[in-house]
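Visitor: One structure, as structure tokens, below. Some questions next.
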Amino acid sequence: MSESKLDLLQGTLDLMVLQTLAALGPLHGYGIARRIERVSGNAVLLNQGTIYASLVRLQQRGWISAEWGTSSNNRKAKFYSLTKKGRKQLSEDTAYWQRLSGVMGRVLSMAEDGDSK
Amino acid sequence: MIDGIRQSLYRFRSFFRKPQLDQELDAEMAAHLGLAIEENLRRGMTPEEARRQALIGFGGTEQAKEHHRESRSLPVLEILSQDLRYTLRTLRRDRAFALIAILILALGIGANIAVFSVVNTILLRPLPFPDSQQLTWFAGSHGQGPLSGITYNVGSYEEFRHHNQSFQEVTAFQPFWGSSEYNMTGHGEPQHVQAVMVADNFFRTLGVQPALGRNFLPTECAKGAAPTVLLTHAFWRQQFAADPAIVGFSFCFLARAARGYFRPGNHG
């Protein structure tokens, strides 16, 4: 824990939420936040509260839908699930991120004296 | 595009459903903390510690709410409505100031309207003739002095008209104040009327056709010819009850005594 946590880039949280819902199915805000923390190995700086801004954004775009339900330990919570449109968006955004991180990786691993070829 | 519109609509609607959405978010956040505390208890924390850790993990609750509002609604509109409420509160508290501010605004708006109406009539609105931008007014004496001082005499006008090559027509009217007042007799009670003497081609140049009868003829403009009149629509209706048989009727126009003829400063 001595290393400082990663600040999330704009838009990355939305994508993480989509992927979490795609992998786990309908889930409440707390479940999504905990899952992201666990999968990232507690490396991202995530105030769990910020997840709700992301959730409302995704909902307004029609990528996820929400419904009040009961959790496994009998607690009322709002459950979010991926819509068809959200699934399509997720695959587009995933492809984009993979391309971008591939390019970033190549550019940043450029040797010091090498030209760009 | 459609998504953008849809999102804007959502945001617009959210602005008006603020209390309900805030309440829903509060319930959701309470559930979140409840779930977190439960998990921490399962991990063997004391109730107090479980709650503390849950709150730390969540981050600032007020901050999260603010974030939520910004994302779901229209921050500009929210700020605007806040400012508006604040303004109204301030104005209500300080009535004298509010009254003066409203008064100044009213006066300012009123003055602007008055000035604009004048500017619009005099400068902006074109003259009510076809192709009025082609009309030019010749002013004598280099345009110096009052209206009656910047005229030409009949001889000069006839020379202009004779040698004119630059304009389609040259015409004239008699502008002197008071020189155009007559007493009209021959039809009911004698009437005091205002008339303007014009050259025979005056209305033709302006592109105006009489609704009844005909325009003036050149022979009617010659010296010694019998005077002819064209009536304005308003006068025709008021004096002759819009009688179309008035065309060709004779009246007697008597030049009034030169009352006001040389009245100084009256060059309207």
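Identifiers in this document derive from the order of the structure tokens: chains are assigned A, B, ..., residues are numbered from 1 separately in each chain, and ligands are numbered from 1 in order of occurrence.
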Up to 10 Å from chain B, what residues of chain A turn up? Count only C-alpha atoms and give them as a PyMOL selection string.

Guide: chain A and resi 28-31+33-34+46-62+68+71+73+75-79

Visitor: Would you output that residue set with N, CA and C atoms, as a PDB file, in the first residue's frame?

Guide:
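Once written, part.pdb looks like this:
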```pdb
ATOM      1  N   HIS A  28     -25.966  -4.300  -7.307  1.00  0.00           N
ATOM      2  CA  HIS A  28     -26.191  -2.976  -6.724  1.00  0.00           C
ATOM      3  C   HIS A  28     -24.890  -2.176  -6.701  1.00  0.00           C
ATOM      4  N   GLY A  29     -25.016  -0.864  -6.428  1.00  0.00           N
ATOM      5  CA  GLY A  29     -23.867   0.034  -6.482  1.00  0.00           C
ATOM      6  C   GLY A  29     -22.708  -0.436  -5.622  1.00  0.00           C
ATOM      7  N   TYR A  30     -23.030  -0.876  -4.423  1.00  0.00           N
ATOM      8  CA  TYR A  30     -21.962  -1.322  -3.521  1.00  0.00           C
ATOM      9  C   TYR A  30     -21.234  -2.522  -4.105  1.00  0.00           C
ATOM     10  N   GLY A  31     -22.001  -3.453  -4.660  1.00  0.00           N
ATOM     11  CA  GLY A  31     -21.405  -4.650  -5.257  1.00  0.00           C
ATOM     12  C   GLY A  31     -20.468  -4.282  -6.404  1.00  0.00           C
ATOM     13  N   ALA A  33     -18.907  -1.395  -6.882  1.00  0.00           N
ATOM     14  CA  ALA A  33     -17.726  -0.700  -6.377  1.00  0.00           C
ATOM     15  C   ALA A  33     -16.736  -1.684  -5.752  1.00  0.00           C
ATOM     16  N   ARG A  34     -17.253  -2.601  -4.939  1.00  0.00           N
ATOM     17  CA  ARG A  34     -16.376  -3.592  -4.279  1.00  0.00           C
ATOM     18  C   ARG A  34     -15.683  -4.469  -5.302  1.00  0.00           C
ATOM     19  N   LEU A  46     -10.652   4.848  -5.691  1.00  0.00           N
ATOM     20  CA  LEU A  46     -12.086   4.918  -5.984  1.00  0.00           C
ATOM     21  C   LEU A  46     -12.840   5.267  -4.715  1.00  0.00           C
ATOM     22  N   ASN A  47     -13.382   6.504  -4.715  1.00  0.00           N
ATOM     23  CA  ASN A  47     -14.341   6.782  -3.659  1.00  0.00           C
ATOM     24  C   ASN A  47     -15.606   6.086  -4.099  1.00  0.00           C
ATOM     25  N   GLN A  48     -16.070   5.142  -3.282  1.00  0.00           N
ATOM     26  CA  GLN A  48     -17.229   4.356  -3.730  1.00  0.00           C
ATOM     27  C   GLN A  48     -18.406   5.243  -4.105  1.00  0.00           C
ATOM     28  N   GLY A  49     -18.492   6.405  -3.488  1.00  0.00           N
ATOM     29  CA  GLY A  49     -19.606   7.314  -3.768  1.00  0.00           C
ATOM     30  C   GLY A  49     -19.643   7.786  -5.209  1.00  0.00           C
ATOM     31  N   THR A  50     -18.470   7.891  -5.826  1.00  0.00           N
ATOM     32  CA  THR A  50     -18.451   8.423  -7.191  1.00  0.00           C
ATOM     33  C   THR A  50     -19.101   7.463  -8.176  1.00  0.00           C
ATOM     34  N   ILE A  51     -19.284   6.240  -7.788  1.00  0.00           N
ATOM     35  CA  ILE A  51     -19.888   5.260  -8.683  1.00  0.00           C
ATOM     36  C   ILE A  51     -21.322   5.661  -9.046  1.00  0.00           C
ATOM     37  N   TYR A  52     -21.981   6.402  -8.139  1.00  0.00           N
ATOM     38  CA  TYR A  52     -23.387   6.735  -8.399  1.00  0.00           C
ATOM     39  C   TYR A  52     -23.547   7.779  -9.506  1.00  0.00           C
ATOM     40  N   ALA A  53     -22.577   8.674  -9.609  1.00  0.00           N
ATOM     41  CA  ALA A  53     -22.617   9.633 -10.718  1.00  0.00           C
ATOM     42  C   ALA A  53     -22.468   8.890 -12.042  1.00  0.00           C
ATOM     43  N   SER A  54     -21.544   7.912 -12.027  1.00  0.00           N
ATOM     44  CA  SER A  54     -21.332   7.115 -13.235  1.00  0.00           C
ATOM     45  C   SER A  54     -22.580   6.313 -13.586  1.00  0.00           C
ATOM     46  N   LEU A  55     -23.227   5.765 -12.571  1.00  0.00           N
ATOM     47  CA  LEU A  55     -24.415   4.946 -12.817  1.00  0.00           C
ATOM     48  C   LEU A  55     -25.567   5.762 -13.413  1.00  0.00           C
ATOM     49  N   VAL A  56     -25.739   6.982 -12.919  1.00  0.00           N
ATOM     50  CA  VAL A  56     -26.841   7.791 -13.438  1.00  0.00           C
ATOM     51  C   VAL A  56     -26.547   8.218 -14.879  1.00  0.00           C
ATOM     52  N   ARG A  57     -25.253   8.465 -15.141  1.00  0.00           N
ATOM     53  CA  ARG A  57     -24.845   8.839 -16.508  1.00  0.00           C
ATOM     54  C   ARG A  57     -25.165   7.697 -17.477  1.00  0.00           C
ATOM     55  N   LEU A  58     -24.763   6.503 -17.111  1.00  0.00           N
ATOM     56  CA  LEU A  58     -24.975   5.337 -17.978  1.00  0.00           C
ATOM     57  C   LEU A  58     -26.463   5.064 -18.167  1.00  0.00           C
ATOM     58  N   GLN A  59     -27.218   5.324 -17.115  1.00  0.00           N
ATOM     59  CA  GLN A  59     -28.657   5.097 -17.178  1.00  0.00           C
ATOM     60  C   GLN A  59     -29.295   6.065 -18.157  1.00  0.00           C
ATOM     61  N   GLN A  60     -28.856   7.345 -18.087  1.00  0.00           N
ATOM     62  CA  GLN A  60     -29.423   8.346 -18.984  1.00  0.00           C
ATOM     63  C   GLN A  60     -29.089   8.041 -20.437  1.00  0.00           C
ATOM     64  N   ARG A  61     -27.957   7.434 -20.661  1.00  0.00           N
ATOM     65  CA  ARG A  61     -27.607   7.087 -22.039  1.00  0.00           C
ATOM     66  C   ARG A  61     -28.301   5.812 -22.507  1.00  0.00           C
ATOM     67  N   GLY A  62     -28.982   5.175 -21.606  1.00  0.00           N
ATOM     68  CA  GLY A  62     -29.714   3.965 -21.980  1.00  0.00           C
ATOM     69  C   GLY A  62     -28.839   2.727 -22.047  1.00  0.00           C
ATOM     70  N   TRP A  68     -35.389  -1.438  -8.164  1.00  0.00           N
ATOM     71  CA  TRP A  68     -35.227  -1.719  -6.743  1.00  0.00           C
ATOM     72  C   TRP A  68     -35.487  -3.213  -6.505  1.00  0.00           C
ATOM     73  N   SER A  71     -31.419  -7.636  -1.727  1.00  0.00           N
ATOM     74  CA  SER A  71     -30.122  -8.307  -1.829  1.00  0.00           C
ATOM     75  C   SER A  71     -30.189  -9.669  -1.145  1.00  0.00           C
ATOM     76  N   ASN A  73     -28.790 -10.746   1.417  1.00  0.00           N
ATOM     77  CA  ASN A  73     -28.993 -10.722   2.868  1.00  0.00           C
ATOM     78  C   ASN A  73     -30.173  -9.836   3.252  1.00  0.00           C
ATOM     79  N   ARG A  75     -31.701  -7.036   2.080  1.00  0.00           N
ATOM     80  CA  ARG A  75     -31.625  -5.588   2.228  1.00  0.00           C
ATOM     81  C   ARG A  75     -32.127  -4.978   0.927  1.00  0.00           C
ATOM     82  N   LYS A  76     -32.953  -3.901   1.053  1.00  0.00           N
ATOM     83  CA  LYS A  76     -33.474  -3.270  -0.157  1.00  0.00           C
ATOM     84  C   LYS A  76     -32.345  -2.488  -0.832  1.00  0.00           C
ATOM     85  N   ALA A  77     -32.154  -2.706  -2.126  1.00  0.00           N
ATOM     86  CA  ALA A  77     -31.102  -1.984  -2.859  1.00  0.00           C
ATOM     87  C   ALA A  77     -31.515  -1.839  -4.312  1.00  0.00           C
ATOM     88  N   LYS A  78     -30.897  -0.887  -4.967  1.00  0.00           N
ATOM     89  CA  LYS A  78     -31.206  -0.666  -6.389  1.00  0.00           C
ATOM     90  C   LYS A  78     -30.248  -1.519  -7.205  1.00  0.00           C
ATOM     91  N   PHE A  79     -30.799  -2.343  -8.075  1.00  0.00           N
ATOM     92  CA  PHE A  79     -29.982  -3.251  -8.885  1.00  0.00           C
ATOM     93  C   PHE A  79     -29.869  -2.734 -10.311  1.00  0.00           C
TER      94      PHE A  79
END
```

Visitor: For Leu24 of chain A, work out the shell of residues within 10 Å, counting only C-alpha atoms and skipping chain neighbours fewer than 5 positions away, then give it as a list of chain:residue names.

Guide: A:Gln19, A:Gly31, A:Ile32, A:Arg35, A:Ser81

Visitor: In Å to one decimal, how far is atom CA of Gln174 of chain B from atom CA of Val247 of chain B?

Guide: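 About the pair atom CA of Val247 of chain B and atom CA of Gln174 of chain B: they are 24.1 Å apart.
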
Visitor: I'd like the interatomic distance between atom CA of Phe249 of chain B and atom CA of Phe129 of chain B, to a tenth of an Å.

Guide: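 Atom CA of Phe249 of chain B sits 27.9 Å away from atom CA of Phe129 of chain B.
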
Visitor: Name the residues of chain A that fall into strand (DSSP E) according to DSSP on the backbone, using the chain letters and numbers of this document, as a list in words.

Guide: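 DSSP on the backbone gives strand (DSSP E) at Leu27, His28, Ile64, Ser65, Ala66, Glu67, Trp68, Gly69, Thr70, Lys76, Ala77, Lys78, Phe79, Tyr80, Ser81 and Leu82 of chain A.
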
Visitor: Please save N, CA and C atoms of the selected residues as a CSV table (one decimal), in the first residue's frame.

Guide:
```csv
chain,number,residue,atom,x,y,z
A,27,LEU,N,-26.5,-6.1,-10.4
A,27,LEU,CA,-25.7,-5.8,-9.2
A,27,LEU,C,-26.1,-4.5,-8.6
A,28,HIS,N,-26.0,-4.3,-7.3
A,28,HIS,CA,-26.2,-3.0,-6.7
A,28,HIS,C,-24.9,-2.2,-6.7
A,64,ILE,N,-27.6,1.1,-19.2
A,64,ILE,CA,-27.9,0.2,-18.1
A,64,ILE,C,-29.3,0.6,-17.7
A,65,SER,N,-30.0,-0.3,-17.0
A,65,SER,CA,-31.3,0.0,-16.4
A,65,SER,C,-31.2,-0.3,-14.9
A,66,ALA,N,-32.2,0.2,-14.2
A,66,ALA,CA,-32.1,0.1,-12.7
A,66,ALA,C,-33.5,-0.3,-12.2
A,67,GLU,N,-33.4,-1.1,-11.1
A,67,GLU,CA,-34.7,-1.5,-10.5
A,67,GLU,C,-34.4,-1.8,-9.0
A,68,TRP,N,-35.4,-1.4,-8.2
A,68,TRP,CA,-35.2,-1.7,-6.7
A,68,TRP,C,-35.5,-3.2,-6.5
A,69,GLY,N,-34.7,-3.8,-5.7
A,69,GLY,CA,-34.8,-5.2,-5.4
A,69,GLY,C,-34.3,-5.5,-4.0
A,70,THR,N,-34.2,-6.8,-3.7
A,70,THR,CA,-33.7,-7.2,-2.4
A,70,THR,C,-32.4,-8.0,-2.5
A,76,LYS,N,-33.0,-3.9,1.1
A,76,LYS,CA,-33.5,-3.3,-0.2
A,76,LYS,C,-32.3,-2.5,-0.8
A,77,ALA,N,-32.2,-2.7,-2.1
A,77,ALA,CA,-31.1,-2.0,-2.9
A,77,ALA,C,-31.5,-1.8,-4.3
A,78,LYS,N,-30.9,-0.9,-5.0
A,78,LYS,CA,-31.2,-0.7,-6.4
A,78,LYS,C,-30.2,-1.5,-7.2
A,79,PHE,N,-30.8,-2.3,-8.1
A,79,PHE,CA,-30.0,-3.3,-8.9
A,79,PHE,C,-29.9,-2.7,-10.3
A,80,TYR,N,-28.6,-2.8,-10.8
A,80,TYR,CA,-28.4,-2.3,-12.2
A,80,TYR,C,-28.1,-3.4,-13.1
A,81,SER,N,-28.6,-3.3,-14.3
A,81,SER,CA,-28.2,-4.4,-15.3
A,81,SER,C,-27.9,-3.8,-16.6
A,82,LEU,N,-27.1,-4.5,-17.4
A,82,LEU,CA,-26.7,-4.0,-18.7
A,82,LEU,C,-27.9,-4.1,-19.7
```

Visitor: Give me every alpha helix (DSSP H) residue in segment 59-168 of chain B, going by DSSP on the backbone, as a PyMOL selection string.

Guide: chain B and resi 61-72+75-93+95-119+154-163

Visitor: Could you please determine the separation between atom CA of Val208 of chain B and atom CA of Val229 of chain B in Å, to one decimal place?

Guide: 14.8 Å

Visitor: What's around Asn42 of chain A at 8 Å? Count only C-alpha atoms, leave out sequence neighbours fewer than 4 positions away in its own chain, and write the answer as a short mmCIF file (atom, residue, chain, number, x, y, z; two decimals) with C-alpha atoms, in the first residue's frame.

Guide:
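Full text of part_15.cif as output:
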```cif
data_model
loop_
_atom_site.label_atom_id
_atom_site.label_comp_id
_atom_site.auth_asym_id
_atom_site.auth_seq_id
_atom_site.Cartn_x
_atom_site.Cartn_y
_atom_site.Cartn_z
CA LYS A 5 -3.24 4.71 -5.92
CA GLU A 37 -11.72 -2.51 -6.04
CA ARG A 38 -11.07 -6.22 -5.69
#
```

Visitor: Compare B:Gln20, B:Ala139, B:Ser14, B:Val118 by their minimum atom-to-atom distance to Glu78 of chain B, counting only C-alpha atoms, and give me the closest one.

Guide: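 Once distances to Glu78 of chain B are computed over only C-alpha atoms, the minimum belongs to B:Ser14.
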
Visitor: Applying 12 Å and only C-alpha atoms, which residues near segment 96-104 of chain A remain after dropping the ones on its own chain fewer than 5 positions away? List them as a PyMOL selection string.

Guide: chain A and resi 9+11-12+15-16+89-91+109-110
